[in-house]
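This is data-v6.txt. It holds compact mmCIF, C-alpha atoms and all ligand atoms.
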# COMPACT_ATOMS: atom_id res chain seq x y z
CA MET S 1 6.71 -44.54 -14.87
CA ALA S 2 9.26 -42.20 -16.44
CA ARG S 3 12.86 -43.33 -16.69
CA VAL S 4 15.48 -40.58 -16.98
CA TYR S 5 18.81 -40.57 -18.77
CA ASN S 6 21.19 -41.12 -15.88
CA PHE S 7 24.76 -39.92 -16.52
CA SER S 8 26.07 -41.05 -13.13
CA ALA S 9 29.71 -42.19 -12.95
CA GLY S 10 28.79 -45.09 -10.69
CA PRO S 11 26.67 -46.68 -9.50
CA ALA S 12 25.42 -46.05 -12.99
CA ALA S 13 22.62 -46.79 -15.42
CA LEU S 14 21.88 -50.42 -16.18
CA PRO S 15 20.25 -51.69 -19.39
CA GLU S 16 16.49 -51.41 -19.09
CA GLU S 17 16.04 -54.93 -20.48
CA VAL S 18 18.19 -56.26 -17.63
CA LEU S 19 16.18 -54.43 -15.00
CA GLN S 20 12.97 -55.71 -16.56
CA GLN S 21 14.22 -59.30 -16.52
CA ALA S 22 15.35 -58.95 -12.90
CA SER S 23 11.95 -57.56 -12.06
CA ASP S 24 10.17 -60.46 -13.81
CA GLU S 25 12.36 -62.95 -11.95
CA MET S 26 12.33 -61.17 -8.61
CA LEU S 27 9.81 -63.31 -6.71
CA ASP S 28 10.36 -66.61 -8.46
CA TRP S 29 13.60 -67.26 -10.30
CA GLN S 30 12.86 -69.81 -13.03
CA GLY S 31 10.39 -71.87 -11.04
CA SER S 32 12.57 -72.08 -7.95
CA GLY S 33 9.88 -70.31 -5.92
CA MET S 34 12.38 -67.84 -4.51
CA SER S 35 14.33 -64.75 -5.40
CA VAL S 36 18.02 -65.02 -6.29
CA MET S 37 18.57 -62.85 -3.21
CA GLU S 38 17.22 -65.63 -1.01
CA MET S 39 19.16 -68.57 -2.44
CA SER S 40 21.99 -70.44 -0.81
CA HIS S 41 25.18 -69.64 -2.65
CA ARG S 42 26.03 -73.35 -2.41
CA GLY S 43 22.75 -74.50 -3.96
CA LYS S 44 22.45 -75.84 -7.51
CA ALA S 45 20.46 -72.84 -8.75
CA PHE S 46 22.90 -70.17 -7.68
CA VAL S 47 25.94 -72.21 -8.67
CA SER S 48 24.46 -72.45 -12.20
CA ILE S 49 23.90 -68.67 -12.27
CA ALA S 50 27.48 -68.04 -11.15
CA GLU S 51 29.00 -70.49 -13.61
CA GLN S 52 27.00 -69.12 -16.52
CA ALA S 53 28.08 -65.56 -15.66
CA GLU S 54 31.73 -66.57 -15.61
CA ALA S 55 31.40 -68.48 -18.89
CA ASP S 56 29.70 -65.50 -20.57
CA LEU S 57 32.31 -63.05 -19.28
CA ARG S 58 35.10 -65.31 -20.53
CA GLU S 59 33.42 -65.51 -23.92
CA LEU S 60 32.85 -61.73 -24.18
CA LEU S 61 36.44 -60.88 -23.32
CA ALA S 62 37.99 -63.98 -24.93
CA VAL S 63 39.79 -64.65 -21.65
CA PRO S 64 42.58 -67.20 -22.28
CA ASP S 65 42.39 -70.49 -20.36
CA ASN S 66 45.45 -69.68 -18.27
CA TYR S 67 43.62 -66.83 -16.49
CA LYS S 68 41.35 -67.07 -13.46
CA VAL S 69 38.19 -64.97 -13.34
CA LEU S 70 37.10 -64.03 -9.82
CA PHE S 71 33.95 -62.32 -8.54
CA LEU S 72 35.03 -60.72 -5.26
CA GLN S 73 33.96 -58.04 -2.78
CA GLY S 74 35.69 -55.02 -1.31
CA GLY S 75 35.55 -53.02 -4.53
CA ALA S 76 38.43 -51.82 -6.64
CA THR S 77 39.71 -50.20 -3.44
CA GLY S 78 40.13 -53.61 -1.83
CA GLN S 79 42.24 -54.64 -4.81
CA PHE S 80 44.49 -51.59 -4.31
CA ALA S 81 45.74 -53.56 -1.26
CA ALA S 82 45.33 -57.04 -2.74
CA ILE S 83 47.67 -56.25 -5.65
CA PRO S 84 50.86 -55.66 -3.64
CA LEU S 85 49.86 -58.40 -1.18
CA ASN S 86 49.51 -60.98 -3.97
CA LEU S 87 52.13 -59.84 -6.44
CA ALA S 88 55.13 -58.64 -4.44
CA ASN S 89 56.33 -62.22 -3.92
CA GLY S 90 59.42 -61.20 -1.99
CA LYS S 91 60.11 -58.01 -3.97
CA ASP S 92 59.62 -54.58 -2.44
CA SER S 93 59.31 -52.46 -5.57
CA ALA S 94 56.43 -51.78 -7.96
CA ASP S 95 55.89 -49.13 -10.64
CA TYR S 96 52.78 -46.97 -10.71
CA VAL S 97 51.67 -44.72 -13.55
CA VAL S 98 49.53 -41.96 -12.11
CA ASN S 99 47.29 -40.22 -14.63
CA GLY S 100 44.44 -39.29 -12.33
CA SER S 101 42.84 -39.52 -8.91
CA TRP S 102 42.31 -43.28 -8.80
CA GLY S 103 45.85 -44.17 -9.83
CA LYS S 104 47.07 -41.86 -7.11
CA LYS S 105 44.96 -43.69 -4.52
CA ALA S 106 46.16 -47.07 -5.77
CA ALA S 107 49.81 -46.00 -5.36
CA LYS S 108 49.13 -44.61 -1.90
CA GLU S 109 47.58 -47.87 -0.75
CA ALA S 110 50.47 -49.92 -2.19
CA ASN S 111 52.82 -47.76 -0.12
CA LYS S 112 51.50 -49.50 2.99
CA TYR S 113 52.83 -52.84 1.81
CA LEU S 114 55.89 -52.05 -0.31
CA SER S 115 58.92 -50.02 0.64
CA ASP S 116 59.56 -48.80 -2.92
CA VAL S 117 56.48 -47.64 -4.81
CA ARG S 118 57.96 -45.82 -7.81
CA ILE S 119 55.95 -43.34 -9.82
CA ALA S 120 56.89 -44.30 -13.36
CA ALA S 121 54.98 -41.42 -14.96
CA GLN S 122 52.78 -38.62 -13.70
CA PRO S 123 51.85 -35.59 -15.81
CA ASP S 124 51.67 -32.16 -14.15
CA SER S 125 47.96 -31.99 -14.73
CA PHE S 126 45.69 -34.97 -15.25
CA THR S 127 44.75 -34.04 -18.80
CA GLU S 128 46.67 -36.63 -20.80
CA ALA S 129 47.61 -40.28 -20.78
CA PRO S 130 51.36 -40.08 -20.25
CA GLY S 131 53.87 -41.79 -22.56
CA ASN S 132 57.55 -42.34 -21.69
CA TRP S 133 57.16 -44.48 -18.62
CA ASN S 134 60.32 -44.69 -16.56
CA LEU S 135 60.15 -48.39 -15.72
CA ASN S 136 62.18 -50.50 -13.35
CA PRO S 137 62.81 -53.92 -14.98
CA GLY S 138 63.10 -55.42 -11.48
CA ALA S 139 59.64 -54.24 -10.36
CA ALA S 140 57.14 -56.82 -9.14
CA TYR S 141 54.52 -55.28 -11.49
CA VAL S 142 53.49 -52.10 -13.31
CA HIS S 143 50.12 -50.63 -12.37
CA TYR S 144 48.11 -48.14 -14.42
CA THR S 145 44.55 -46.91 -14.82
CA PRO S 146 43.45 -47.25 -18.46
CA ASN S 147 40.48 -44.95 -17.84
CA GLU S 148 40.50 -42.32 -15.10
CA THR S 149 36.85 -41.88 -14.20
CA ILE S 150 37.09 -38.43 -12.61
CA GLU S 151 39.36 -36.67 -15.08
CA GLY S 152 38.09 -38.49 -18.19
CA VAL S 153 41.58 -39.46 -19.34
CA GLU S 154 41.97 -42.72 -21.23
CA PHE S 155 44.80 -44.74 -22.77
CA HIS S 156 43.70 -45.86 -26.22
CA ASN S 157 46.56 -48.36 -26.62
CA ILE S 158 47.94 -50.99 -24.29
CA PRO S 159 51.45 -49.93 -23.21
CA GLU S 160 54.41 -52.23 -23.78
CA VAL S 161 56.15 -53.10 -20.48
CA GLY S 162 58.35 -56.09 -21.33
CA ASP S 163 58.27 -59.05 -18.96
CA VAL S 164 57.03 -57.22 -15.87
CA PRO S 165 53.35 -58.07 -15.25
CA LEU S 166 51.03 -55.26 -16.33
CA VAL S 167 48.20 -54.58 -13.85
CA ALA S 168 45.23 -52.48 -14.92
CA ASP S 169 42.41 -50.84 -12.97
CA MET S 170 39.67 -51.09 -15.60
CA SER S 171 36.85 -50.08 -13.26
CA SER S 172 35.36 -47.61 -15.71
CA THR S 173 36.26 -49.18 -19.04
CA LEU S 174 36.07 -52.99 -18.82
CA LEU S 175 33.53 -54.34 -21.35
CA SER S 176 33.32 -51.06 -23.28
CA ARG S 177 35.33 -52.63 -26.16
CA PRO S 178 37.35 -55.77 -26.91
CA ILE S 179 40.75 -55.99 -25.21
CA ASP S 180 43.66 -58.41 -25.53
CA VAL S 181 43.64 -59.95 -22.05
CA SER S 182 46.90 -61.79 -22.74
CA LYS S 183 48.79 -58.49 -22.58
CA PHE S 184 47.95 -58.17 -18.88
CA GLY S 185 49.07 -59.94 -15.76
CA MET S 186 46.01 -58.85 -13.85
CA ILE S 187 42.90 -56.78 -14.61
CA TYR S 188 40.33 -55.62 -12.08
CA ALA S 189 37.16 -53.58 -12.18
CA GLY S 190 34.54 -52.52 -9.67
CA ALA S 191 31.26 -53.58 -11.24
CA GLN S 192 29.13 -50.53 -10.54
CA LYS S 193 29.97 -48.55 -13.67
CA ASN S 194 30.02 -50.53 -16.85
CA ILE S 195 29.27 -54.02 -15.60
CA GLY S 196 26.47 -54.29 -13.07
CA PRO S 197 25.46 -53.17 -9.59
CA ALA S 198 27.81 -52.24 -6.76
CA GLY S 199 29.08 -54.97 -4.46
CA LEU S 200 31.32 -56.89 -6.83
CA VAL S 201 34.81 -56.46 -8.16
CA ILE S 202 35.92 -58.58 -11.08
CA VAL S 203 39.49 -59.86 -11.05
CA ILE S 204 41.13 -61.52 -14.06
CA VAL S 205 44.58 -62.84 -13.21
CA ARG S 206 47.14 -65.01 -14.97
CA ASP S 207 47.70 -68.40 -13.35
CA ASP S 208 51.43 -67.99 -12.77
CA LEU S 209 50.80 -64.84 -10.70
CA ILE S 210 48.73 -66.51 -8.02
CA GLY S 211 49.80 -68.62 -5.08
CA ASN S 212 52.45 -66.30 -3.68
CA ALA S 213 50.39 -64.03 -1.44
CA ALA S 214 52.13 -62.49 1.56
CA SER S 215 51.66 -64.53 4.73
CA ASP S 216 49.66 -61.69 6.31
CA CYS S 217 47.40 -61.18 3.27
CA PRO S 218 43.76 -61.32 4.44
CA THR S 219 42.28 -64.59 3.25
CA VAL S 220 39.46 -62.91 1.29
CA LEU S 221 42.04 -60.92 -0.68
CA ASP S 222 44.18 -63.96 -1.52
CA TRP S 223 43.49 -64.66 -5.20
CA ALA S 224 44.78 -68.25 -5.04
CA GLN S 225 42.47 -69.15 -2.16
CA GLN S 226 39.53 -67.39 -3.82
CA ALA S 227 40.24 -69.16 -7.13
CA GLU S 228 40.42 -72.50 -5.34
CA ALA S 229 37.04 -71.78 -3.74
CA GLY S 230 35.36 -70.54 -6.96
CA SER S 231 35.15 -67.02 -5.45
CA MET S 232 33.03 -68.51 -2.66
CA LEU S 233 35.53 -68.67 0.13
CA ASN S 234 32.91 -66.73 2.03
CA THR S 235 29.40 -65.69 1.00
CA PRO S 236 29.72 -63.80 -2.29
CA ALA S 237 27.64 -60.81 -3.46
CA CYS S 238 25.08 -63.21 -4.94
CA TYR S 239 22.54 -60.77 -6.28
CA SER S 240 25.14 -58.50 -7.89
CA TRP S 241 26.73 -61.54 -9.48
CA TYR S 242 23.36 -62.56 -10.93
CA ILE S 243 22.69 -59.08 -12.34
CA CYS S 244 26.18 -58.98 -13.88
CA GLY S 245 25.30 -62.27 -15.54
CA LEU S 246 22.16 -60.72 -17.03
CA VAL S 247 24.28 -57.80 -18.29
CA PHE S 248 26.71 -60.23 -19.93
CA GLN S 249 23.82 -61.90 -21.76
CA TRP S 250 22.52 -58.49 -22.81
CA LEU S 251 26.00 -57.61 -24.14
CA LYS S 252 26.05 -60.78 -26.20
CA ARG S 253 22.71 -59.76 -27.72
CA GLN S 254 24.21 -56.36 -28.64
CA GLY S 255 26.88 -58.01 -30.78
CA GLY S 256 29.39 -58.49 -27.99
CA LEU S 257 32.17 -56.06 -27.25
CA ALA S 258 32.90 -55.24 -30.88
CA GLY S 259 29.30 -54.07 -31.20
CA MET S 260 29.55 -52.04 -28.00
CA ALA S 261 32.83 -50.46 -29.10
CA GLU S 262 31.24 -49.13 -32.26
CA VAL S 263 28.37 -47.51 -30.40
CA ASN S 264 30.57 -46.23 -27.57
CA LYS S 265 33.03 -44.61 -29.96
CA ARG S 266 30.20 -42.94 -31.86
CA LYS S 267 28.53 -41.66 -28.67
CA ALA S 268 31.79 -40.17 -27.40
CA GLU S 269 32.70 -38.59 -30.75
CA LYS S 270 29.30 -36.92 -30.99
CA LEU S 271 29.53 -35.50 -27.49
CA TYR S 272 33.11 -34.21 -27.88
CA ALA S 273 32.16 -32.70 -31.25
CA ALA S 274 29.30 -30.85 -29.56
CA ILE S 275 31.64 -29.54 -26.84
CA ASP S 276 34.37 -28.52 -29.29
CA GLY S 277 31.83 -26.98 -31.64
CA SER S 278 30.19 -24.82 -28.96
CA GLY S 279 32.43 -21.82 -29.65
CA GLY S 280 33.97 -22.05 -26.19
CA PHE S 281 30.68 -22.17 -24.29
CA TYR S 282 31.64 -25.70 -23.21
CA THR S 283 35.21 -26.96 -22.95
CA ASN S 284 36.91 -30.27 -22.19
CA PRO S 285 40.51 -29.94 -20.99
CA VAL S 286 41.79 -33.37 -22.02
CA ALA S 287 44.30 -33.88 -24.88
CA VAL S 288 42.31 -35.08 -27.88
CA ASP S 289 44.04 -38.47 -28.15
CA SER S 290 43.55 -39.15 -24.41
CA ARG S 291 39.85 -38.41 -24.23
CA SER S 292 37.73 -41.02 -22.51
CA TRP S 293 34.91 -42.79 -24.32
CA MET S 294 33.25 -43.41 -20.97
CA ASN S 295 33.51 -40.27 -18.82
CA VAL S 296 33.27 -36.89 -20.49
CA PRO S 297 34.02 -33.96 -18.18
CA PHE S 298 33.32 -30.44 -19.38
CA VAL S 299 33.06 -26.95 -17.94
CA LEU S 300 30.80 -24.07 -18.85
CA LYS S 301 32.45 -20.80 -19.85
CA ASP S 302 30.90 -19.18 -16.79
CA ALA S 303 30.66 -21.32 -13.64
CA SER S 304 27.82 -19.13 -12.35
CA LEU S 305 25.64 -20.92 -14.93
CA ASP S 306 26.35 -24.36 -13.44
CA ASP S 307 23.33 -24.50 -11.14
CA ALA S 308 20.93 -23.43 -13.88
CA PHE S 309 22.48 -25.97 -16.26
CA LEU S 310 22.00 -28.79 -13.75
CA SER S 311 18.48 -27.90 -12.73
CA GLU S 312 17.28 -27.38 -16.30
CA ALA S 313 18.97 -30.61 -17.38
CA LYS S 314 17.18 -32.43 -14.58
CA ALA S 315 13.87 -30.97 -15.68
CA ALA S 316 14.64 -32.29 -19.17
CA GLY S 317 15.18 -35.81 -17.77
CA LEU S 318 19.01 -35.65 -17.87
CA GLU S 319 20.33 -36.56 -14.43
CA THR S 320 23.58 -36.72 -12.45
CA LEU S 321 25.67 -34.45 -14.67
CA LYS S 322 27.52 -32.68 -11.87
CA GLY S 323 31.29 -33.19 -12.10
CA HIS S 324 33.26 -34.83 -9.32
CA ARG S 325 33.70 -32.52 -6.33
CA SER S 326 37.48 -32.50 -6.86
CA VAL S 327 37.31 -31.07 -10.38
CA GLY S 328 33.95 -29.27 -10.52
CA GLY S 329 32.03 -28.52 -13.72
CA MET S 330 30.08 -31.30 -15.37
CA ARG S 331 30.69 -34.90 -16.23
CA ALA S 332 28.62 -37.13 -18.49
CA SER S 333 29.33 -40.81 -17.94
CA ILE S 334 28.20 -42.67 -21.02
CA TYR S 335 28.84 -46.33 -20.28
CA ASN S 336 27.43 -49.23 -22.28
CA ALA S 337 23.95 -48.86 -20.80
CA MET S 338 23.59 -45.21 -21.88
CA PRO S 339 21.65 -45.36 -25.15
CA GLU S 340 22.82 -43.26 -28.07
CA ALA S 341 19.47 -41.45 -27.81
CA GLY S 342 20.48 -40.31 -24.31
CA VAL S 343 23.68 -38.76 -25.63
CA GLU S 344 21.70 -37.10 -28.43
CA ALA S 345 19.22 -35.71 -25.90
CA LEU S 346 22.09 -34.29 -23.86
CA ILE S 347 23.68 -32.70 -26.94
CA ALA S 348 20.37 -31.10 -27.94
CA PHE S 349 19.88 -29.76 -24.42
CA MET S 350 23.44 -28.38 -24.31
CA ALA S 351 22.99 -26.57 -27.63
CA ASP S 352 19.69 -25.08 -26.51
CA PHE S 353 21.11 -24.01 -23.12
CA ALA S 354 24.09 -22.37 -24.80
CA THR S 355 21.87 -20.44 -27.22
CA ARG S 356 19.77 -19.13 -24.36
CA ASN S 357 22.76 -18.15 -22.20
CA GLN S 358 25.30 -16.74 -24.67
N1 LIG S 401 39.22 -47.08 -9.68
C1 LIG S 401 38.49 -46.36 -10.54
C2 LIG S 401 39.05 -46.07 -11.91
C3 LIG S 401 37.23 -45.89 -10.17
O1 LIG S 401 36.51 -45.15 -11.00
C4 LIG S 401 36.73 -46.20 -8.87
C5 LIG S 401 35.36 -45.78 -8.39
N2 LIG S 401 34.92 -44.56 -8.76
C6 LIG S 401 37.54 -46.93 -8.01
C7 LIG S 401 38.77 -47.37 -8.45
C8 LIG S 401 37.08 -47.29 -6.61
O2 LIG S 401 36.15 -48.30 -6.74
P1 LIG S 401 35.35 -48.93 -5.51
O3 LIG S 401 34.41 -47.89 -5.06
O4 LIG S 401 34.68 -50.12 -6.14
O5 LIG S 401 36.34 -49.31 -4.48

What would you get if you wrote out this structure as structure tokens?
Ligand code: PMP
Amino acid sequence: MARVYNFSAGPAALPEEVLQQASDEMLDWQGSGMSVMEMSHRGKAFVSIAEQAEADLRELLAVPDNYKVLFLQGGATGQFAAIPLNLANGKDSADYVVNGSWGKKAAKEANKYLSDVRIAAQPDSFTEAPGNWNLNPGAAYVHYTPNETIEGVEFHNIPEVGDVPLVADMSSTLLSRPIDVSKFGMIYAGAQKNIGPAGLVIVIVRDDLIGNAASDCPTVLDWAQQAEAGSMLNTPACYSWYICGLVFQWLKRQGGLAGMAEVNKRKAEKLYAAIDGSGGFYTNPVAVDSRSWMNVPFVLKDASLDDAFLSEAKAAGLETLKGHRSVGGMRASIYNAMPEAGVEALIAFMADFATRNQ
């Protein structure tokens, strides 16, 4: 068996230890005689798995007691609709900061449910995290995307928005470092990048913001009803939930989120230094203080070399480096599960490729 370094943006690499544990427990989870995939979600065994996962996630993120943690389905995209449906509460206006493709989609979806979706900030090109938000103090909420997965643009500080609830799509950054959850009204993240397998979206929402869903909000998107039912209003994504739980335990063994932040910062700095130090052979277009620790897009000086770069990288065990179809070039996603050795292998390959193709 040969495992590659997988730089996919999502679904993405998972820690090898987690995969090994899942493999060991596949046929017989802890003497139950069955796989987690085969268990009733109402049974004692699965309920204990689910509760432990929630407890570990709360511990990792130091989630305050007045927040619910939900394990839902429908992806981050489902939450694009759930947010206006749960938070409008009689208002028709919300502010959206658009600093990349996903924020744009979130605003477009909200437009279906609100008559006044205001764009509070949107740079001409998606190469910086915009400051100077033009906020409406009467908005139901302010939505932004702390890390834009496609463009590799990241906010490195939590913006100040006064009393209006701050809503954050953390799909590609949650668990990459500690965050102060109390600064947010609601946080959500599709699991398939930095958290676990596809099929789950994690929602963290302050208690006072639930219970006011629109009357036509689909029941599965109603946070209050899901919270009441322990995220089991209908059959949850049991196996994904279990794997996320194993990832949380792995994160605790790595020194928690402070430990991850140190490694993630170092990995990103090394890779950006290699790009910036390549004499223009590789370039990253993002403003230095808005560069993502998680998704590192770069282009080659000559796009006609792209195919050779990708096929030689693949032969060297470095996979899924092609950039998103909307921006082209390359993208290395270096989430928690990408070992530092993987980033070093990529840097060595990039230097060698540049030397041979100057
Ligand atoms: N938001 C961000 C920042 C993302 O990166 C993605 C997935 N690439 C999404 C939303 C959409 O997530 P999902 O596929 O889980 O709906």

Please list as a count of residues only every residue within 9 Å of S:Tyr67, counting all atoms listed in the file and excluding residues in the same chain fewer than 3 positions away.
11

Enter the distance from atom CA of S:Asn111 to atom CA of S:Pro84, in Å, rounded to one decimal.
8.9 Å

Which residue out of S:Val18, S:Ile187, S:Leu70, S:Ala45 has the minimum interatomic distance to ligand LIG 401 (chain S) when only C-alpha atoms and all ligand atoms are used?
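Checking each candidate against ligand LIG 401 (chain S), we get S:Ile187 as the closest.
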
Quote the spacing between atom CA of S:Ile243 and atom CA of S:Val69 in Å to one decimal place.
16.6 Å

Taking only C-alpha atoms and all ligand atoms into account, report as number ranges by chain which residues have an atom no farther than 9 Å from an atom of ligand LIG 401 (chain S).
S: 9-11, 73-80, 100-103, 105-106, 145-150, 169-173, 188-193, 198-201

Quick one: write out the picked residues with C-alpha atoms as a PDB file, in the frame of the given file?
ATOM      1  CA  ALA S   9      29.710 -42.190 -12.950  1.00  0.00           C
ATOM      2  CA  GLY S  10      28.790 -45.090 -10.690  1.00  0.00           C
ATOM      3  CA  PRO S  11      26.670 -46.680  -9.500  1.00  0.00           C
ATOM      4  CA  GLN S  73      33.960 -58.040  -2.780  1.00  0.00           C
ATOM      5  CA  GLY S  74      35.690 -55.020  -1.310  1.00  0.00           C
ATOM      6  CA  GLY S  75      35.550 -53.020  -4.530  1.00  0.00           C
ATOM      7  CA  ALA S  76      38.430 -51.820  -6.640  1.00  0.00           C
ATOM      8  CA  THR S  77      39.710 -50.200  -3.440  1.00  0.00           C
ATOM      9  CA  GLY S  78      40.130 -53.610  -1.830  1.00  0.00           C
ATOM     10  CA  GLN S  79      42.240 -54.640  -4.810  1.00  0.00           C
ATOM     11  CA  PHE S  80      44.490 -51.590  -4.310  1.00  0.00           C
ATOM     12  CA  GLY S 100      44.440 -39.290 -12.330  1.00  0.00           C
ATOM     13  CA  SER S 101      42.840 -39.520  -8.910  1.00  0.00           C
ATOM     14  CA  TRP S 102      42.310 -43.280  -8.800  1.00  0.00           C
ATOM     15  CA  GLY S 103      45.850 -44.170  -9.830  1.00  0.00           C
ATOM     16  CA  LYS S 105      44.960 -43.690  -4.520  1.00  0.00           C
ATOM     17  CA  ALA S 106      46.160 -47.070  -5.770  1.00  0.00           C
ATOM     18  CA  THR S 145      44.550 -46.910 -14.820  1.00  0.00           C
ATOM     19  CA  PRO S 146      43.450 -47.250 -18.460  1.00  0.00           C
ATOM     20  CA  ASN S 147      40.480 -44.950 -17.840  1.00  0.00           C
ATOM     21  CA  GLU S 148      40.500 -42.320 -15.100  1.00  0.00           C
ATOM     22  CA  THR S 149      36.850 -41.880 -14.200  1.00  0.00           C
ATOM     23  CA  ILE S 150      37.090 -38.430 -12.610  1.00  0.00           C
ATOM     24  CA  ASP S 169      42.410 -50.840 -12.970  1.00  0.00           C
ATOM     25  CA  MET S 170      39.670 -51.090 -15.600  1.00  0.00           C
ATOM     26  CA  SER S 171      36.850 -50.080 -13.260  1.00  0.00           C
ATOM     27  CA  SER S 172      35.360 -47.610 -15.710  1.00  0.00           C
ATOM     28  CA  THR S 173      36.260 -49.180 -19.040  1.00  0.00           C
ATOM     29  CA  TYR S 188      40.330 -55.620 -12.080  1.00  0.00           C
ATOM     30  CA  ALA S 189      37.160 -53.580 -12.180  1.00  0.00           C
ATOM     31  CA  GLY S 190      34.540 -52.520  -9.670  1.00  0.00           C
ATOM     32  CA  ALA S 191      31.260 -53.580 -11.240  1.00  0.00           C
ATOM     33  CA  GLN S 192      29.130 -50.530 -10.540  1.00  0.00           C
ATOM     34  CA  LYS S 193      29.970 -48.550 -13.670  1.00  0.00           C
ATOM     35  CA  ALA S 198      27.810 -52.240  -6.760  1.00  0.00           C
ATOM     36  CA  GLY S 199      29.080 -54.970  -4.460  1.00  0.00           C
ATOM     37  CA  LEU S 200      31.320 -56.890  -6.830  1.00  0.00           C
ATOM     38  CA  VAL S 201      34.810 -56.460  -8.160  1.00  0.00           C
TER      39      VAL S 201
END

Out of S:Ala227, S:Ala139, S:Ala107, S:Met338, which residue has the shortest atom-to-atom distance to S:Leu14 when counting all atoms listed in the file?
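Distance minimum relative to S:Leu14 lands on S:Met338.
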
Nearest candidate to S:Arg331 (options S:Ala316, S:Ile210, S:Met37, S:Leu310; using all atoms listed in the file):
S:Leu310
